[in-house]
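Below is one structure; the comments refer to it alone.
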Amino acid sequence: MKKVISTDKAPAAIGPYSQAIDMGNIVYTSGVIPVDPATGDIPEGSVAQAEQAFSNLKNLIEASGSSMDKVIKTTVFIKEMNDFGAINEVYAKYFTEPYPARSCVEVARLPKDVMLEIEAIVEK
């Protein structure tokens with residue numbers, strides 16, 4: 001049975017969607033952006049934004065009852081492929097081996113003009 005996951009420790013949905021959906025043994029997150037859920041502020045620069053986005057994702061995953069070490073797959077959308085290396089360094093702080101499968105794509109624009117967005121598929 002489908003269950004909606006919601007937490008105030010990650011940015012609220014800014015449209016007609018859920019922060020995450022729990023399907024019993026798998027959780028699917030929506031894209032998480034680097035907005036401070038307490039203030040609505042967006043940090044400056046790709047590294048600070050990556051830290052905020054991954055922290056938000058971690059909080060969302062924990063709200064589902066799972067953890068970052070159970071992430072199966074991520075998709076990272078970045079505004080500038082030149083930031084790939086710096087974002088990878090932040091990514092490595094949040095995930096351990098064996099790392100999740102991942103796609104990373106450069107996109108023209110993201111919500112609120114942030115520099116990255118991440119979504120995940122997580123085992124419960």
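Just remember, in the structure tokens the first chain shown is A, the second B, etc., residues are 1-based per chain, and ligands are 1-based in the order shown.
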
Query raised in the report: Any idea what's packed within 6 Å of Ala120 of chain A, counting only C-alpha atoms, ignoring anything in its chain fewer than 5 positions away? Could you give it as a PyMOL selection string?
Result: chain A and resi 29+73-74

The selected residues should be written to file as a PDB file, in the first residue's frame (atoms: all heavy atoms).
ATOM      1  N   THR A  29      11.922   8.988  -3.417  1.00  0.00           N
ATOM      2  CA  THR A  29      11.850  10.403  -3.046  1.00  0.00           C
ATOM      3  C   THR A  29      11.599  11.239  -4.287  1.00  0.00           C
ATOM      4  O   THR A  29      11.971  10.860  -5.399  1.00  0.00           O
ATOM      5  CB  THR A  29      13.143  10.915  -2.382  1.00  0.00           C
ATOM      6  OG1 THR A  29      14.171  11.082  -3.352  1.00  0.00           O
ATOM      7  CG2 THR A  29      13.602   9.996  -1.261  1.00  0.00           C
ATOM      8  N   LYS A  73      19.649   3.758  -5.552  1.00  0.00           N
ATOM      9  CA  LYS A  73      19.906   4.529  -6.777  1.00  0.00           C
ATOM     10  C   LYS A  73      19.632   5.995  -6.523  1.00  0.00           C
ATOM     11  O   LYS A  73      18.681   6.334  -5.833  1.00  0.00           O
ATOM     12  CB  LYS A  73      18.988   4.016  -7.893  1.00  0.00           C
ATOM     13  CG  LYS A  73      18.855   4.877  -9.142  1.00  0.00           C
ATOM     14  CD  LYS A  73      19.911   4.536 -10.151  1.00  0.00           C
ATOM     15  CE  LYS A  73      19.690   5.116 -11.532  1.00  0.00           C
ATOM     16  NZ  LYS A  73      19.716   6.552 -11.642  1.00  0.00           N
ATOM     17  N   THR A  74      20.481   6.845  -7.065  1.00  0.00           N
ATOM     18  CA  THR A  74      20.227   8.286  -7.021  1.00  0.00           C
ATOM     19  C   THR A  74      20.274   8.845  -8.438  1.00  0.00           C
ATOM     20  O   THR A  74      20.914   8.281  -9.329  1.00  0.00           O
ATOM     21  CB  THR A  74      21.261   9.049  -6.174  1.00  0.00           C
ATOM     22  OG1 THR A  74      22.551   8.920  -6.770  1.00  0.00           O
ATOM     23  CG2 THR A  74      21.297   8.552  -4.739  1.00  0.00           C
TER      24      THR A  74
END

Query - All residues 8 Å or closer to Ala50 of chain A, only C-alpha atoms, same chain fewer than 2 positions away omitted, as a ChimeraX atom specification - result: /A:34,46-48,52-54,87,90-91,116

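Counting only C-alpha atoms, the residue from A:Lys112, A:Lys70, A:Lys9, A:Lys124 that sits nearest to Pro43 of chain A is A:Lys112.
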
Report task. Find the spatial neighbours of Ser55 of chain A, counting only C-alpha atoms, within a cut-off of 12 Å - ignore same-chain residues fewer than 6 positions away - and output them as an MDAnalysis selection string. Result -> chainID A and resid 9:11 32:37 48:49 61:62 67:68 90:91 93:95 117:118

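With only C-alpha atoms as the atoms that count, the residue of A:Val27, A:Asn56, A:Phe77, A:Ala38 with the shortest distance to Ala108 of chain A is A:Phe77.
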
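For the atom pair formed by atom CA of Glu89 of chain A and atom CA of Ser18 of chain A, the distance is 28.6 Å, given to one decimal.
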
Requested in this report: Identify which of the residues A:Cys104, A:Leu57, A:Val122, A:Ile21 lies closest to Asp83 of chain A, counting only C-alpha atoms when measuring atom-to-atom distances.
Outcome: A:Cys104

**Report entry** Per-residue DSSP, segment 11-98 of chain A, filtered to strand (DSSP E or B), as a PyMOL selection string
**Finding:** chain A and resi 20-22+26-29+32+71-78

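Proximity to Met23 of chain A was assessed for A:Leu60, A:Val105, A:Val4, A:Ile78 counting only C-alpha atoms; the smallest distance is recorded for A:Val4.
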